[in-house]
Structure formats: structure tokens, C-alpha cells
2 protein chains.
Amino acid sequence: MNFKVPVGISNRHVHLTQEVYNQLFDEEWEKVKDLKQTGEFASNLFVTIEGPNGSIPHVRVLGPVRKYVQVEVSAMDAHTLGVNPPVRKSGDLAGAETVTLVTDKGRVEVKEACILAECHIHMSMEDLETYGVSNEQVVRVHVKGKREGILFAHIKASENGVLEFHVDRDEANAMLLSNGEELEVEV
Amino acid sequence: MNFKVPVGISNRHVHLTQEVYNQLFDEEWEKVKDLKQTGEFASNLFVTIEGPNGSIPHVRVLGPVRKYVQVEVSAMDAHTLGVNPPVRKSGDLAGAETVTLVTDKGRVEVKEACILAECHIHMSMEDLETYGVSNEQVVRVHVKGKREGILFAHIKASENGVLEFHVDRDEANAMLLSNGEELEVEV
């Protein structure tokens, strides 16, 4: 059964461990905005990402802290930095790229941290039954309009998951997607 | 019958009329590189594109001159410039965006000139028969790999057309395409 998913566009961002957080910041972060996925939030903190060929300032830190540092960039960003990150799911970081995170307080080289995010559809366990799909299943998301195309996305189900199709900035630009726009999933 | 097409990535560029060429340059252009499509070439000349919100320097002029000025940018570029160009085929410019082209010699506002290019497959008239497709037909180009997806592209046949799938920088980034890479067309 086909179903609709709203688009959520992820700009470049970083997730920190408590340890790296402490190396980069003295202040407590503040929550600027709750993200759609339960518990996740945009903080008021920013870092500069440095790579061998260049740097990108003003990259937002998302919360809460995680068990791993993860730096999610676009293919364009990777070119700017001079790194070659693999396309990965969150937390699958073996062989990911090394970059350096910089703030006024400090600089931390983070190894196996930088990836291009694989596009995916968040949903709850109940949604799996409702839509007749299984966790990690790959489905086709059909983008209509003048830039018609199909993105292959995997299902990412969790207890508190909220239905949302996560793409990065390159995918959003290529397909001219807007936040909240509803796309059809072909199962 | 499915067939293979090599990818050609178009970075941002401009095509000029003889009149606008003369307003922007005193010198004769030189051919830096022949493009794959017969007669088309990358010149040694560059312009700055200006929009209401920003500008993009060092944008290459392609030759030969055409009967219309056409400024082809990515969605990211459009955001930088502060314009909202439509997705169009070459030469279909009614309602296209206005930008200003600037060189040391002069500045020219070009109306109905700026577009996002519709991805397309160049081929010869003979190729139409070989592959069993018709001019302007929309086909599916299947990108395999970690960023799997399908781009819908129209066929653009011409006497001297050379088989090539033209995408812009956003599409290449989103699908992690390389110049010359062969993709499968599903007819």
C-alpha cells in the first residue's frame, strides 16, 4: 500500500559525546527548537568543521549528547573540506572520515566521525504495521513535479519515531524539496 | 530495451548573444576545451552573476554565441543570488529569472535568462532508432550504489547529438555522480 511521508531536510550538523562537548564548550547549551523526532533538539551552539582543504564555520550542534561523535555534511561540503566521507546510516561509523571541530575554547580531531547521511524514513513501531513495511526495508519515494525522480530510502523504526523522510541538503536541492512537503512512498 | 548513457555534469555557466558578448568583453574568446556536444566549447571568459541577495564570481562563458542569453545555475546558486528560476529546457525562457552579468568592461541586466536546467539525454537521430525512443520522450535513468535513485530525463535528439546524460551540480551531488560514469536507462 502506498503512503505519504512529510519531508525533513537536514542541513549539515554535528552530534557530540559528553567528552567532546566538554572539550569544546564551557557553557550549558540551550534548546533552540525541538526537532520532530522525540527528544532531539537544535541547540544554540555552533562549531567550525576543518578538513585538509578548507573549513566550514557556524555548523549547528544537535542534542542530546550521543555515545559517538557524528558529523553529517553534504557532498558539496565534503568537497569544500577536502574529505571523502562514505554514505552511512547514523552510528555506522567504521571507516568514516576524520575532521577537526573548532570553537573558541578548543579544537578536537574526531576520527571515524564524518559521513554523508543515507536518506531514511523515521516511523514508530505502530507505523510499521499501519503501512505494511518492515524495519530497514528499502522503499521508493516518488518526487513529482518538474524535477521528477525516485529516491530509495530505508525505513528506520523506533519506539518514539515520528513519520518523516530525512534527506540532506544536496538531495533537497536536486529534487527541489521543501520541509513538510508530502511525498508518496511506493511499496 | 534498456541502454547505457555516460554522465556529463554541467556546472553553472552562461550562454551569450553576440550583442551581450560585445557589451561585456573587448577581447576575442579562446576555446579552452571542446565539449562533447558537437560545436559547443568552454571559453576562457568569465562573468560575475549578480542577484538581489548576492553574487557568484568566475562563472564560465560557453560558446558559440546563441540567439538568446541563458544563465544556468544550481538551486544552491539560486539561493545565493536570491532568485527563483524555473526548471526549463534550453531556450524555453518565457518567465525565466532576471540577473545581472558583470565584467570589468560592463554590466548587463538579462531578463528572462536564468533557469535551472532540466536533466536530459543528448543523442543523434540514429540513436533514436538504435535505442527505440522518440525525441522528447521521458525515460528513467537508474543510479545504483549507496545513493540509489531514479532521475526522470527527456530525450534531446539532434543531427549532431552525442550520447550523454546532462545533469547539474545539485543532481550530481545528490546521486554522487562522476563525469563519464555510465548509467542505465530504463525504457
# chains A, B, ... in the order shown; residues from 1 in each chain; ligands from 1
>>> closest_atom_pairs(of="segment 120-179 of chain B", to="segment 136-158 of chain A", cutoff="7 Å", atoms="only C-alpha atoms", output="Markdown table")
| residue | atom | partner | partner_atom | distance |
| --- | --- | --- | --- | --- |
| B:Glu148 | CA | A:Phe152 | CA | 5.6 |
| B:Gly149 | CA | A:Leu151 | CA | 4.5 |
| B:Ile150 | CA | A:Ile150 | CA | 4.9 |
| B:Leu151 | CA | A:Gly149 | CA | 4.5 |
| B:Phe152 | CA | A:Gly149 | CA | 5.5 |
>>> residues_around(residues="Asp170 of chain A", least_positions_apart="4", cutoff="8 Å", atoms="only C-alpha atoms", output="PyMOL selection string")
(chain A and resi 74-76+174) or (chain B and resi 170-171+173-174)
>>> closest_residue(among="B:Val61, B:Pro52, B:Asn11, B:Phe3", to="Leu128 of chain B", atoms="only C-alpha atoms")
B:Phe3
>>> select_by_dssp(residues="segment 49-127 of chain A", states="strand (DSSP E)", output="ChimeraX atom specification")
/A:49-50,55-63,70-72,87-88,97-102,107-117,120-123
>>> select_by_dssp(residues="segment 7-173 of chain B", states="alpha helix (DSSP H)", output="MDAnalysis selection string")
chainID B and resid 18:24 75:81 125:131 169:173
>>> write_last_selection(atoms="N, CA, C and O atoms", output="mmCIF file, in the first residue's frame")
data_model
loop_
_atom_site.group_PDB
_atom_site.id
_atom_site.type_symbol
_atom_site.label_atom_id
_atom_site.label_comp_id
_atom_site.auth_asym_id
_atom_site.auth_seq_id
_atom_site.Cartn_x
_atom_site.Cartn_y
_atom_site.Cartn_z
ATOM 1 N N GLN B 18 25.600 37.600 -29.367
ATOM 2 C CA GLN B 18 26.727 38.420 -29.838
ATOM 3 C C GLN B 18 26.632 39.821 -29.233
ATOM 4 O O GLN B 18 27.645 40.398 -28.832
ATOM 5 N N GLU B 19 25.414 40.339 -29.118
ATOM 6 C CA GLU B 19 25.215 41.698 -28.592
ATOM 7 C C GLU B 19 25.697 41.797 -27.138
ATOM 8 O O GLU B 19 26.443 42.719 -26.784
ATOM 9 N N VAL B 20 25.281 40.866 -26.304
ATOM 10 C CA VAL B 20 25.686 40.924 -24.888
ATOM 11 C C VAL B 20 27.180 40.615 -24.747
ATOM 12 O O VAL B 20 27.876 41.217 -23.930
ATOM 13 N N TYR B 21 27.660 39.712 -25.572
ATOM 14 C CA TYR B 21 29.112 39.451 -25.601
ATOM 15 C C TYR B 21 29.868 40.763 -25.808
ATOM 16 O O TYR B 21 30.822 41.075 -25.073
ATOM 17 N N ASN B 22 29.432 41.554 -26.771
ATOM 18 C CA ASN B 22 30.126 42.812 -27.085
ATOM 19 C C ASN B 22 30.004 43.834 -25.952
ATOM 20 O O ASN B 22 30.891 44.664 -25.772
ATOM 21 N N GLN B 23 28.929 43.758 -25.196
ATOM 22 C CA GLN B 23 28.769 44.678 -24.059
ATOM 23 C C GLN B 23 29.676 44.293 -22.879
ATOM 24 O O GLN B 23 30.026 45.135 -22.069
ATOM 25 N N LEU B 24 30.040 43.027 -22.828
ATOM 26 C CA LEU B 24 30.797 42.535 -21.664
ATOM 27 C C LEU B 24 32.293 42.345 -21.935
ATOM 28 O O LEU B 24 33.099 42.346 -20.998
ATOM 29 N N ALA B 75 20.240 25.009 -7.768
ATOM 30 C CA ALA B 75 19.296 25.508 -6.759
ATOM 31 C C ALA B 75 20.057 26.221 -5.639
ATOM 32 O O ALA B 75 19.586 27.229 -5.090
ATOM 33 N N MET B 76 21.239 25.703 -5.302
ATOM 34 C CA MET B 76 22.070 26.347 -4.277
ATOM 35 C C MET B 76 22.495 27.748 -4.740
ATOM 36 O O MET B 76 22.445 28.702 -3.973
ATOM 37 N N ASP B 77 22.923 27.848 -5.988
ATOM 38 C CA ASP B 77 23.297 29.149 -6.556
ATOM 39 C C ASP B 77 22.115 30.119 -6.514
ATOM 40 O O ASP B 77 22.277 31.300 -6.197
ATOM 41 N N ALA B 78 20.933 29.622 -6.878
ATOM 42 C CA ALA B 78 19.740 30.473 -6.918
ATOM 43 C C ALA B 78 19.473 31.057 -5.532
ATOM 44 O O ALA B 78 19.122 32.237 -5.394
ATOM 45 N N HIS B 79 19.690 30.238 -4.507
ATOM 46 C CA HIS B 79 19.522 30.695 -3.129
ATOM 47 C C HIS B 79 20.538 31.803 -2.815
ATOM 48 O O HIS B 79 20.185 32.829 -2.226
ATOM 49 N N THR B 80 21.783 31.592 -3.218
ATOM 50 C CA THR B 80 22.834 32.596 -3.003
ATOM 51 C C THR B 80 22.475 33.915 -3.684
ATOM 52 O O THR B 80 22.640 34.995 -3.097
ATOM 53 N N LEU B 81 21.979 33.820 -4.916
ATOM 54 C CA LEU B 81 21.647 35.020 -5.686
ATOM 55 C C LEU B 81 20.361 35.680 -5.178
ATOM 56 O O LEU B 81 20.186 36.899 -5.328
ATOM 57 N N MET B 125 19.978 11.461 -34.224
ATOM 58 C CA MET B 125 18.759 10.906 -34.805
ATOM 59 C C MET B 125 18.890 9.387 -34.978
ATOM 60 O O MET B 125 17.919 8.654 -34.788
ATOM 61 N N GLU B 126 20.077 8.939 -35.314
ATOM 62 C CA GLU B 126 20.302 7.495 -35.476
ATOM 63 C C GLU B 126 20.132 6.781 -34.130
ATOM 64 O O GLU B 126 19.597 5.668 -34.070
ATOM 65 N N ASP B 127 20.591 7.441 -33.061
ATOM 66 C CA ASP B 127 20.451 6.836 -31.727
ATOM 67 C C ASP B 127 18.980 6.585 -31.384
ATOM 68 O O ASP B 127 18.647 5.614 -30.691
ATOM 69 N N LEU B 128 18.089 7.473 -31.840
ATOM 70 C CA LEU B 128 16.653 7.288 -31.560
ATOM 71 C C LEU B 128 16.213 5.910 -32.040
ATOM 72 O O LEU B 128 15.507 5.188 -31.325
ATOM 73 N N GLU B 129 16.643 5.578 -33.244
ATOM 74 C CA GLU B 129 16.257 4.266 -33.795
ATOM 75 C C GLU B 129 16.955 3.139 -33.059
ATOM 76 O O GLU B 129 16.348 2.124 -32.724
ATOM 77 N N THR B 130 18.237 3.354 -32.832
ATOM 78 C CA THR B 130 19.025 2.301 -32.178
ATOM 79 C C THR B 130 18.414 1.911 -30.838
ATOM 80 O O THR B 130 18.321 0.728 -30.489
ATOM 81 N N TYR B 131 17.984 2.948 -30.067
ATOM 82 C CA TYR B 131 17.523 2.669 -28.706
ATOM 83 C C TYR B 131 16.005 2.576 -28.597
ATOM 84 O O TYR B 131 15.470 2.333 -27.510
ATOM 85 N N ARG B 169 24.898 20.377 -11.051
ATOM 86 C CA ARG B 169 25.769 20.078 -9.910
ATOM 87 C C ARG B 169 24.980 19.519 -8.721
ATOM 88 O O ARG B 169 25.443 18.627 -8.019
ATOM 89 N N ASP B 170 23.749 20.039 -8.500
ATOM 90 C CA ASP B 170 22.925 19.532 -7.393
ATOM 91 C C ASP B 170 22.571 18.068 -7.601
ATOM 92 O O ASP B 170 22.637 17.257 -6.664
ATOM 93 N N GLU B 171 22.170 17.730 -8.823
ATOM 94 C CA GLU B 171 21.799 16.333 -9.113
ATOM 95 C C GLU B 171 23.022 15.427 -8.977
ATOM 96 O O GLU B 171 22.925 14.322 -8.427
ATOM 97 N N ALA B 172 24.163 15.905 -9.463
ATOM 98 C CA ALA B 172 25.395 15.110 -9.355
ATOM 99 C C ALA B 172 25.768 14.893 -7.889
ATOM 100 O O ALA B 172 26.149 13.792 -7.493
ATOM 101 N N ASN B 173 25.637 15.924 -7.069
ATOM 102 C CA ASN B 173 25.953 15.784 -5.646
ATOM 103 C C ASN B 173 24.987 14.835 -4.950
ATOM 104 O O ASN B 173 25.401 13.995 -4.141
#
>>> residues_around(residues="Val14 of chain A", least_positions_apart="3", cutoff="8 Å", atoms="only C-alpha atoms", output="list in words")
Val59, Arg60, Val61, Leu62, Val69, Gln70, Val71 and Glu72 of chain A
